[in-house]
>>> print(open('start.csv').read())   # CSV, C-alpha atoms
chain,number,residue,atom,x,y,z
E,426,MET,CA,-41.0,52.9,-86.4
E,427,HIS,CA,-40.0,51.6,-89.8
E,428,PRO,CA,-40.8,54.3,-92.4
E,429,LEU,CA,-42.6,51.7,-94.6
E,430,LEU,CA,-45.0,50.7,-91.8
E,431,PRO,CA,-47.8,53.1,-92.9
E,432,LEU,CA,-47.5,51.9,-96.5
E,433,PHE,CA,-47.8,48.2,-95.5
E,434,ALA,CA,-50.6,49.0,-93.1
E,435,VAL,CA,-52.7,50.7,-95.8
E,436,GLY,CA,-51.9,47.7,-98.1
E,437,LEU,CA,-53.3,45.3,-95.5
E,438,ASP,CA,-56.3,47.5,-95.0
E,439,PHE,CA,-57.2,47.2,-98.7
E,440,LEU,CA,-56.3,43.5,-98.8
E,441,PHE,CA,-58.3,42.3,-95.7
E,442,ARG,CA,-60.5,45.3,-94.8
E,443,ASP,CA,-61.7,44.9,-91.2
E,444,ALA,CA,-60.9,41.2,-91.1
E,445,GLU,CA,-64.0,40.3,-89.0
E,446,PRO,CA,-62.8,36.9,-87.7
E,447,TRP,CA,-59.7,38.5,-86.2
E,448,PRO,CA,-59.7,40.2,-82.7
E,449,HIS,CA,-60.1,43.9,-83.2
E,450,PRO,CA,-58.7,46.4,-80.6
E,451,VAL,CA,-61.8,48.6,-80.9
E,452,ARG,CA,-63.9,45.8,-79.4
E,453,LEU,CA,-61.6,45.6,-76.4
E,454,ILE,CA,-61.7,49.4,-76.0
E,455,GLY,CA,-65.5,49.2,-76.3
E,456,GLY,CA,-65.7,46.5,-73.6
E,457,LEU,CA,-63.6,48.7,-71.3
E,458,LEU,CA,-65.8,51.7,-71.9
E,459,ASP,CA,-68.9,49.6,-71.1
E,460,TYR,CA,-67.3,48.5,-67.8
E,461,LEU,CA,-66.4,52.1,-66.9
E,462,GLU,CA,-69.8,53.4,-67.8
E,463,LYS,CA,-71.4,50.9,-65.4
E,464,ARG,CA,-69.0,51.9,-62.6
E,465,ALA,CA,-69.5,55.6,-63.3
E,466,ARG,CA,-73.3,55.4,-63.1
E,467,LYS,CA,-73.3,53.3,-59.9
E,468,GLN,CA,-71.0,55.5,-57.8
E,469,SER,CA,-72.1,58.7,-56.2
E,470,ARG,CA,-68.8,60.2,-55.0
E,471,VAL,CA,-68.0,62.2,-58.1
E,472,SER,CA,-70.2,63.8,-60.8
E,473,LEU,CA,-70.7,62.1,-64.2
E,474,LEU,CA,-68.7,64.9,-65.7
E,475,THR,CA,-65.7,64.1,-63.5
E,476,ALA,CA,-66.2,60.4,-64.1
E,477,GLY,CA,-66.0,61.0,-67.8
E,478,TRP,CA,-62.6,62.7,-67.5
E,479,ILE,CA,-61.4,59.9,-65.2
E,480,SER,CA,-62.6,57.3,-67.7
E,481,LEU,CA,-60.9,59.1,-70.6
E,482,PHE,CA,-57.6,59.1,-68.7
E,483,LEU,CA,-57.9,55.4,-67.8
E,484,VAL,CA,-58.9,54.3,-71.4
E,485,CYS,CA,-56.0,56.3,-72.9
E,486,LEU,CA,-53.5,55.0,-70.3
E,487,CYS,CA,-54.5,51.4,-70.7
E,488,THR,CA,-54.6,51.6,-74.5
E,489,GLY,CA,-51.3,53.4,-74.7
E,490,ALA,CA,-49.5,51.0,-72.2
E,491,ILE,CA,-50.8,47.8,-73.9
E,492,THR,CA,-49.9,49.1,-77.3
E,493,TRP,CA,-46.4,50.1,-76.2
E,494,ALA,CA,-45.9,46.7,-74.5
E,495,ALA,CA,-47.1,44.7,-77.5
E,496,THR,CA,-45.0,46.7,-80.0
E,497,HIS,CA,-41.8,46.3,-77.9
E,498,LEU,CA,-42.0,42.5,-77.4
E,499,PRO,CA,-38.9,40.7,-78.6
E,500,LEU,CA,-39.4,39.2,-82.1
E,501,LEU,CA,-43.1,39.7,-82.0
E,502,GLY,CA,-43.0,43.5,-81.7
E,503,LEU,CA,-42.8,44.2,-85.4
E,504,ILE,CA,-45.7,41.9,-86.1
E,505,PHE,CA,-47.8,43.6,-83.5
E,506,SER,CA,-46.8,47.0,-84.8
E,507,LEU,CA,-48.0,46.1,-88.3
E,508,TYR,CA,-51.2,44.6,-87.1
E,509,LEU,CA,-52.0,47.5,-84.8
E,510,ALA,CA,-51.2,50.0,-87.6
E,511,TYR,CA,-53.4,48.1,-90.1
E,512,SER,CA,-56.3,47.6,-87.7
E,513,GLY,CA,-56.4,51.3,-86.9
E,514,LEU,CA,-57.2,52.2,-90.5
E,515,SER,CA,-60.6,51.7,-92.1
E,516,LEU,CA,-60.8,53.3,-95.6
E,517,ALA,CA,-61.2,50.0,-97.5
E,518,GLY,CA,-63.9,48.8,-95.2
E,519,LEU,CA,-65.8,52.1,-95.4
E,520,LEU,CA,-65.7,52.1,-99.2
E,521,PHE,CA,-66.7,48.4,-99.4
E,522,ALA,CA,-69.8,49.0,-97.2
E,523,ALA,CA,-70.7,52.2,-99.0
E,524,LYS,CA,-70.4,50.6,-102.4
E,525,ARG,CA,-72.6,47.8,-101.3
E,526,ILE,CA,-75.3,50.2,-100.3
E,527,ALA,CA,-74.9,52.2,-103.5
E,528,ALA,CA,-75.3,49.0,-105.5
E,529,LEU,CA,-78.5,48.1,-103.7
E,530,LEU,CA,-79.9,51.5,-104.5
E,531,GLU,CA,-78.9,51.1,-108.1
E,532,GLU,CA,-80.9,47.8,-108.1
E,533,ASN,CA,-83.9,49.5,-106.5
E,534,ARG,CA,-83.5,47.4,-103.3
E,535,GLU,CA,-84.2,50.3,-101.0
E,536,VAL,CA,-85.3,48.3,-98.0
E,537,GLU,CA,-82.0,46.4,-97.9
E,538,ALA,CA,-80.0,49.6,-98.5
E,539,ARG,CA,-81.9,51.3,-95.7
E,540,SER,CA,-81.1,48.4,-93.4
E,541,TYR,CA,-77.4,48.3,-94.2
E,542,LEU,CA,-77.1,52.1,-94.0
E,543,GLY,CA,-78.6,52.0,-90.5
E,544,MET,CA,-75.6,49.9,-89.4
E,545,LEU,CA,-73.2,52.7,-90.4
E,546,VAL,CA,-75.0,55.8,-89.0
E,547,THR,CA,-76.6,56.8,-85.7
E,548,ARG,CA,-79.6,58.6,-87.3
E,549,ASP,CA,-82.9,56.8,-88.0
E,550,THR,CA,-82.9,55.7,-91.6
E,551,SER,CA,-86.4,54.2,-91.7
E,552,PRO,CA,-88.1,57.4,-93.1
E,553,LEU,CA,-85.5,58.1,-95.8
E,554,ASP,CA,-86.4,58.0,-99.4
E,555,ARG,CA,-84.0,57.1,-102.2
E,556,ARG,CA,-82.6,60.7,-102.5
E,557,GLU,CA,-82.1,61.0,-98.7
E,558,LEU,CA,-80.4,57.6,-98.6
E,559,TYR,CA,-77.9,58.7,-101.2
E,560,LYS,CA,-77.3,61.9,-99.2
E,561,THR,CA,-76.9,60.2,-95.9
E,562,LEU,CA,-74.5,57.7,-97.4
E,563,ALA,CA,-72.5,60.6,-98.8
E,564,GLU,CA,-72.4,62.3,-95.5
E,565,THR,CA,-71.1,59.3,-93.5
E,566,VAL,CA,-68.5,58.5,-96.2
E,567,SER,CA,-67.1,62.1,-96.3
E,568,GLU,CA,-67.1,62.5,-92.5
E,569,ASN,CA,-65.4,59.1,-92.0
E,570,LEU,CA,-62.7,59.9,-94.5
E,571,ASN,CA,-61.2,61.9,-91.7
E,572,ASP,CA,-62.2,59.8,-88.7
E,573,GLY,CA,-61.4,56.4,-90.2
E,574,PHE,CA,-58.4,57.2,-92.3
E,575,VAL,CA,-56.8,60.6,-92.5
E,576,ALA,CA,-56.7,61.2,-88.7
E,577,PRO,CA,-55.5,57.7,-87.7
E,578,LEU,CA,-52.8,57.8,-90.4
E,579,PHE,CA,-51.8,61.3,-89.2
E,580,TYR,CA,-51.3,60.0,-85.7
E,581,LEU,CA,-49.5,56.8,-86.9
E,582,LEU,CA,-47.1,59.0,-88.8
E,583,LEU,CA,-46.7,61.3,-85.7
E,584,GLY,CA,-46.2,58.8,-83.0
E,585,GLY,CA,-46.5,55.2,-84.3
E,586,PRO,CA,-49.1,52.7,-83.2
E,587,VAL,CA,-49.1,54.0,-79.6
E,588,LEU,CA,-50.3,57.5,-80.6
E,589,LEU,CA,-52.6,56.0,-83.3
E,590,TRP,CA,-54.4,53.9,-80.7
E,591,ILE,CA,-54.6,56.6,-78.1
E,592,TYR,CA,-56.4,58.6,-80.8
E,593,LYS,CA,-58.6,55.6,-81.6
E,594,ALA,CA,-59.5,55.2,-77.9
E,595,VAL,CA,-60.6,58.8,-77.7
E,596,SER,CA,-62.5,58.5,-81.0
E,597,THR,CA,-64.2,55.3,-79.8
E,598,MET,CA,-65.2,56.9,-76.6
E,599,ASP,CA,-66.7,59.8,-78.5
E,600,SER,CA,-68.6,57.4,-80.8
E,601,MET,CA,-70.1,55.5,-77.8
E,602,TRP,CA,-70.6,58.3,-75.3
E,603,GLY,CA,-70.5,61.6,-77.2
E,604,TYR,CA,-74.2,62.2,-77.7
E,605,SER,CA,-75.9,65.5,-76.8
E,606,THR,CA,-78.7,63.7,-74.9
E,607,SER,CA,-79.5,63.9,-71.2
E,608,GLN,CA,-78.2,60.4,-70.8
E,609,TRP,CA,-74.8,61.1,-72.2
E,610,ARG,CA,-74.1,64.8,-72.2
E,611,ARG,CA,-72.1,64.9,-69.0
E,612,LEU,CA,-70.4,61.5,-69.1
E,613,GLY,CA,-69.4,61.9,-72.8
E,614,ARG,CA,-68.2,65.5,-72.6
E,615,ALA,CA,-64.5,64.6,-72.0
E,616,GLY,CA,-64.3,62.3,-75.0
E,617,ALA,CA,-66.2,64.6,-77.3
E,618,LYS,CA,-64.1,67.7,-76.4
E,619,THR,CA,-60.8,65.7,-76.6
E,620,GLU,CA,-61.8,64.3,-79.9
E,621,ASP,CA,-62.5,67.8,-81.2
E,622,VAL,CA,-59.0,68.8,-80.3
E,623,LEU,CA,-57.3,65.7,-81.8
E,624,SER,CA,-59.3,65.9,-85.1
E,625,TYR,CA,-58.7,69.6,-85.6
E,626,LEU,CA,-55.6,69.4,-87.9
E,627,PRO,CA,-56.6,66.1,-89.6
E,628,ALA,CA,-60.0,67.5,-90.6
E,629,ARG,CA,-58.4,70.4,-92.4
E,630,ILE,CA,-55.8,68.1,-94.0
E,631,THR,CA,-58.8,66.1,-95.3
E,632,TYR,CA,-60.2,69.3,-96.8
E,633,ILE,CA,-56.9,70.1,-98.6
E,634,LEU,CA,-56.7,66.4,-99.8
E,635,THR,CA,-60.3,66.6,-101.1
E,636,VAL,CA,-59.5,69.7,-103.1
E,637,ALA,CA,-56.4,68.0,-104.6
E,638,ALA,CA,-58.4,64.8,-105.5
E,639,ALA,CA,-61.2,66.9,-107.1
E,640,TRP,CA,-58.6,68.7,-109.2
E,641,LEU,CA,-57.1,65.4,-110.4
E,642,TRP,CA,-60.6,64.1,-111.4
E,643,GLY,CA,-61.6,67.4,-113.1
E,644,LEU,CA,-64.3,68.0,-110.5
E,645,SER,CA,-65.3,71.3,-108.8
E,646,TRP,CA,-62.1,71.8,-106.9
E,647,ARG,CA,-62.3,75.7,-106.9
E,648,GLU,CA,-65.7,75.6,-105.2
E,649,ALA,CA,-64.4,73.1,-102.7
E,650,LEU,CA,-61.4,75.3,-102.0
E,651,THR,CA,-63.1,78.6,-101.6
E,652,ARG,CA,-66.5,77.8,-100.3
E,653,THR,CA,-65.8,75.1,-97.7
E,654,PRO,CA,-64.3,77.3,-94.9
E,655,LYS,CA,-67.4,79.5,-94.5
E,656,GLN,CA,-69.8,76.6,-94.5
E,657,ALA,CA,-67.6,74.4,-92.2
E,658,ARG,CA,-67.7,77.0,-89.5
E,659,ASN,CA,-71.5,76.9,-89.4
E,660,MET,CA,-71.4,73.3,-88.2
E,661,GLU,CA,-71.9,72.4,-84.5
E,662,SER,CA,-68.8,70.2,-84.7
E,663,PRO,CA,-65.6,72.2,-85.2
E,664,ASN,CA,-64.3,69.5,-87.5
E,665,ALA,CA,-67.0,67.5,-89.3
E,666,GLY,CA,-67.9,70.3,-91.6
E,667,TRP,CA,-64.5,70.5,-93.3
E,668,PRO,CA,-64.4,67.1,-95.1
E,669,MET,CA,-68.2,67.1,-95.6
E,670,ALA,CA,-68.5,70.5,-97.1
E,671,ALA,CA,-65.3,69.9,-99.3
E,672,CYS,CA,-66.8,66.7,-100.6
E,673,ALA,CA,-70.2,68.3,-101.2
E,674,TRP,CA,-68.7,71.2,-103.2
E,675,ALA,CA,-66.2,68.9,-105.1
E,676,VAL,CA,-69.0,66.6,-106.3
E,677,GLY,CA,-71.6,69.3,-106.6
E,678,ALA,CA,-74.4,67.9,-104.4
E,679,GLY,CA,-75.8,69.2,-101.2
E,680,MET,CA,-75.7,67.8,-97.7
E,681,GLY,CA,-77.4,68.7,-94.4
E,682,GLY,CA,-81.0,69.5,-93.7
E,683,GLU,CA,-83.4,67.6,-91.4
E,684,ALA,CA,-82.2,64.4,-89.8
E,685,LEU,CA,-83.9,62.1,-87.2
E,686,TYR,CA,-81.7,61.2,-84.1
E,687,PHE,CA,-83.1,59.2,-81.2
E,688,GLY,CA,-86.7,60.3,-82.1
E,689,GLN,CA,-85.9,64.0,-82.4
E,690,VAL,CA,-85.6,66.0,-85.6
E,691,ARG,CA,-82.4,68.0,-85.9
E,692,GLU,CA,-81.9,70.7,-88.6
E,693,LYS,CA,-78.3,70.4,-89.8
E,694,PRO,CA,-76.6,73.3,-91.6
E,695,LEU,CA,-76.7,73.0,-95.4
E,696,LEU,CA,-73.3,72.2,-97.1
E,697,GLY,CA,-72.4,72.4,-100.7
E,698,PRO,CA,-74.8,73.5,-103.5
E,699,GLY,CA,-78.3,72.9,-102.2
E,700,GLU,CA,-79.9,72.8,-105.7
E,701,ARG,CA,-78.6,69.4,-106.7
E,702,ALA,CA,-79.5,66.1,-105.1
E,703,TRP,CA,-77.3,63.1,-104.7
E,704,ASP,CA,-77.6,60.3,-107.2
E,705,GLN,CA,-75.5,57.3,-108.5
E,706,LYS,CA,-73.2,59.5,-110.5
E,707,ALA,CA,-72.5,61.8,-107.6
E,708,ILE,CA,-71.9,59.0,-105.2
E,709,GLN,CA,-69.5,57.3,-107.6
E,710,ASN,CA,-67.5,60.6,-107.9
E,711,LEU,CA,-67.3,60.7,-104.1
E,712,PHE,CA,-65.9,57.1,-104.1
E,713,ARG,CA,-63.3,58.2,-106.6
E,714,ILE,CA,-62.3,61.2,-104.4
E,715,SER,CA,-62.1,58.9,-101.3
E,716,LEU,CA,-59.8,56.4,-103.0
E,717,THR,CA,-57.7,59.2,-104.4
E,718,ILE,CA,-57.3,60.7,-101.0
E,719,GLY,CA,-56.2,57.4,-99.7
E,720,VAL,CA,-53.5,57.1,-102.3
E,721,ILE,CA,-52.3,60.7,-101.9
E,722,TRP,CA,-52.2,60.7,-98.1
E,723,THR,CA,-50.4,57.3,-98.0
E,724,ILE,CA,-47.7,58.3,-100.5
E,725,LEU,CA,-47.3,61.8,-98.9
E,726,GLY,CA,-47.2,60.4,-95.4
E,727,THR,CA,-44.8,57.6,-96.2
E,728,THR,CA,-42.5,60.1,-98.0
E,729,LEU,CA,-42.4,62.5,-95.1
E,730,LEU,CA,-41.8,59.8,-92.6
E,731,TRP,CA,-38.9,58.4,-94.7
E,732,ILE,CA,-37.3,61.9,-94.9
E,733,ALA,CA,-37.8,62.4,-91.2
E,734,VAL,CA,-36.3,59.0,-90.3
>>> encode(input="start.csv", output="structure tokens")
Amino acid sequence: MHPLLPLFAVGLDFLFRDAEPWPHPVRLIGGLLDYLEKRARKQSRVSLLTAGWISLFLVCLCTGAITWAATHLPLLGLIFSLYLAYSGLSLAGLLFAAKRIAALLEENREVEARSYLGMLVTRDTSPLDRRELYKTLAETVSENLNDGFVAPLFYLLLGGPVLLWIYKAVSTMDSMWGYSTSQWRRLGRAGAKTEDVLSYLPARITYILTVAAAWLWGLSWREALTRTPKQARNMESPNAGWPMAACAWAVGAGMGGEALYFGQVREKPLLGPGERAWDQKAIQNLFRISLTIGVIWTILGTTLLWIAV
């Protein structure tokens, strides 16, 4: 892998974002998962739990093999490498969508903001008021800092586009199947547990990067550094709490509390200072932190890769 590939990939991410008209590998992975789900639910020879692990193996094998073959094609391999590296990152798209929702809230267009936010999150956004909309937006941005950027870039640096897309395959499987409902609990367990393992280090790197970004912007970096670990360990997910709590403390606004998922109310652990609600100023500070994390991680990763190569 060329040491400048991550830098060019991030540049394309900010230039084109998700490039909707282009074919995206996640859609292909999603189609494969839909097919495997239908096969898993129709057969009776193995349990759904076992079918989930078999599906995970097949998705990772197919994704890795196709990515390796594409990136090793004569003449076209470098182009495919760049495209696959770029399409595996989604920081610019995340910030673009989040800023659009924040702008709608600033213009008091809460109905539209609620609709757009519902496309980004799995929870039910219909009962959310203005304060809850800001908080939910902050939660999804901070969590996806890791899932959509820090972790994919980590695996790109570690093993090129092949390892990046194996991670993305696991992450996609977790996003589609990893729900703790009776319908998905057994089938989605393999993807959820594997994603927990793969995101362990990147989530903690995101925490450190958040502290660094908060320091650069003169925000509450000491609180983010010292208070995040204790709160992060209270989360059901072993990884989601690290970027979320760090962002909450850095900005100085609370996360967590009641949330509606699939018609059921869940009480999520409180993160950050609970006494301050999210508003336009807080969400703009979160956007600054997110962009700064993108810059720091890209420069640091490219530098380390250049030294290693």
>>> residues_around(input="start.csv", residues="Tyr632 (chain E)", least_positions_apart="4", cutoff="9 Å", atoms="all atoms listed in the file", output="number ranges by chain")
E: 627-628, 636-637, 649-650, 653, 667-672
>>> write_last_selection(input="start.csv", atoms="C-alpha atoms", output="compact mmCIF listing (two decimals), in the coordinates of the input")
# COMPACT_ATOMS: atom_id res chain seq x y z
CA PRO E 627 -56.60 66.10 -89.60
CA ALA E 628 -60.00 67.50 -90.60
CA VAL E 636 -59.50 69.70 -103.10
CA ALA E 637 -56.40 68.00 -104.60
CA ALA E 649 -64.40 73.10 -102.70
CA LEU E 650 -61.40 75.30 -102.00
CA THR E 653 -65.80 75.10 -97.70
CA TRP E 667 -64.50 70.50 -93.30
CA PRO E 668 -64.40 67.10 -95.10
CA MET E 669 -68.20 67.10 -95.60
CA ALA E 670 -68.50 70.50 -97.10
CA ALA E 671 -65.30 69.90 -99.30
CA CYS E 672 -66.80 66.70 -100.60
>>> atom_distance(input="start.csv", atom1="CA of Tyr559 (chain E)", atom2="CA of Arg452 (chain E)")
28.9 Å
>>> atom_distance(input="start.csv", atom1="CA of Leu570 (chain E)", atom2="CA of Leu458 (chain E)")
24.2 Å
>>> residues_near_point(input="start.csv", point="(-60.7, 55.4, -63.4)", cutoff="12 Å", atoms="all atoms listed in the file", output="ChimeraX atom specification")
/E:457-458,460-465,468,471,475-487
>>> write_last_selection(input="start.csv", atoms="C-alpha atoms", output="tab-separated table (two decimals), in the coordinates of the input")
chain	number	residue	atom	x	y	z
E	457	LEU	CA	-63.60	48.70	-71.30
E	458	LEU	CA	-65.80	51.70	-71.90
E	460	TYR	CA	-67.30	48.50	-67.80
E	461	LEU	CA	-66.40	52.10	-66.90
E	462	GLU	CA	-69.80	53.40	-67.80
E	463	LYS	CA	-71.40	50.90	-65.40
E	464	ARG	CA	-69.00	51.90	-62.60
E	465	ALA	CA	-69.50	55.60	-63.30
E	468	GLN	CA	-71.00	55.50	-57.80
E	471	VAL	CA	-68.00	62.20	-58.10
E	475	THR	CA	-65.70	64.10	-63.50
E	476	ALA	CA	-66.20	60.40	-64.10
E	477	GLY	CA	-66.00	61.00	-67.80
E	478	TRP	CA	-62.60	62.70	-67.50
E	479	ILE	CA	-61.40	59.90	-65.20
E	480	SER	CA	-62.60	57.30	-67.70
E	481	LEU	CA	-60.90	59.10	-70.60
E	482	PHE	CA	-57.60	59.10	-68.70
E	483	LEU	CA	-57.90	55.40	-67.80
E	484	VAL	CA	-58.90	54.30	-71.40
E	485	CYS	CA	-56.00	56.30	-72.90
E	486	LEU	CA	-53.50	55.00	-70.30
E	487	CYS	CA	-54.50	51.40	-70.70
>>> atom_distance(input="start.csv", atom1="CA of Leu695 (chain E)", atom2="CA of Val622 (chain E)")
23.6 Å
>>> closest_atom_pairs(input="start.csv", of="region 570-601 of chain E", to="region 712-732 of chain E", cutoff="8 Å", atoms="all atoms listed in the file", output="JSON lines")
{"residue": "E:Leu570", "atom": "CA", "partner": "E:Ser715", "partner_atom": "CA", "distance": 6.9}
{"residue": "E:Phe574", "atom": "CA", "partner": "E:Gly719", "partner_atom": "CA", "distance": 7.7}
{"residue": "E:Val575", "atom": "CA", "partner": "E:Trp722", "partner_atom": "CA", "distance": 7.2}
{"residue": "E:Leu578", "atom": "CA", "partner": "E:Gly726", "partner_atom": "CA", "distance": 7.9}
{"residue": "E:Phe579", "atom": "CA", "partner": "E:Gly726", "partner_atom": "CA", "distance": 7.8}
{"residue": "E:Leu582", "atom": "CA", "partner": "E:Leu730", "partner_atom": "CA", "distance": 6.6}
>>> closest_residue(input="start.csv", among="E:Arg534, E:Arg539, E:Arg525, E:Val676", to="Trp642 (chain E)", atoms="only C-alpha atoms")
E:Val676
>>> residues_around(input="start.csv", residues="Gly616 (chain E)", least_positions_apart="4", cutoff="7 Å", atoms="all atoms listed in the file", output="JSON, numbers by chain")
{"E": [481, 595, 598, 599, 603, 620]}
>>> residues_near_point(input="start.csv", point="(-71.4, 77.5, -95.4)", cutoff="8 Å", atoms="only C-alpha atoms", output="PDB file with C-alpha atoms, in the frame of the given file")
ATOM      1  CA  ARG E 652     -66.500  77.800-100.300  1.00  0.00           C
ATOM      2  CA  THR E 653     -65.800  75.100 -97.700  1.00  0.00           C
ATOM      3  CA  PRO E 654     -64.300  77.300 -94.900  1.00  0.00           C
ATOM      4  CA  LYS E 655     -67.400  79.500 -94.500  1.00  0.00           C
ATOM      5  CA  GLN E 656     -69.800  76.600 -94.500  1.00  0.00           C
ATOM      6  CA  ALA E 657     -67.600  74.400 -92.200  1.00  0.00           C
ATOM      7  CA  ARG E 658     -67.700  77.000 -89.500  1.00  0.00           C
ATOM      8  CA  ASN E 659     -71.500  76.900 -89.400  1.00  0.00           C
ATOM      9  CA  ALA E 670     -68.500  70.500 -97.100  1.00  0.00           C
ATOM     10  CA  PRO E 694     -76.600  73.300 -91.600  1.00  0.00           C
ATOM     11  CA  LEU E 695     -76.700  73.000 -95.400  1.00  0.00           C
ATOM     12  CA  LEU E 696     -73.300  72.200 -97.100  1.00  0.00           C
ATOM     13  CA  GLY E 697     -72.400  72.400-100.700  1.00  0.00           C
TER      14      GLY E 697
END
>>> closest_residue(input="start.csv", among="E:Ala522, E:Leu501, E:Val536, E:Ala528", to="Ser551 (chain E)", atoms="only C-alpha atoms")
E:Val536
>>> closest_residue(input="start.csv", among="E:Thr597, E:Ser605, E:Ser624, E:Ser506", to="Tyr580 (chain E)", atoms="all atoms listed in the file")
E:Ser624
>>> closest_residue(input="start.csv", among="E:Leu641, E:Leu514, E:Leu562, E:Leu553", to="Glu683 (chain E)", atoms="only C-alpha atoms")
E:Leu553
>>> closest_residue(input="start.csv", among="E:Val435, E:Ala615, E:Ile491, E:Ala675", to="Ile633 (chain E)", atoms="all atoms listed in the file")
E:Ala675
>>> closest_residue(input="start.csv", among="E:Leu542, E:Ala673, E:Leu498, E:Leu558", to="Gly699 (chain E)", atoms="all atoms listed in the file")
E:Ala673
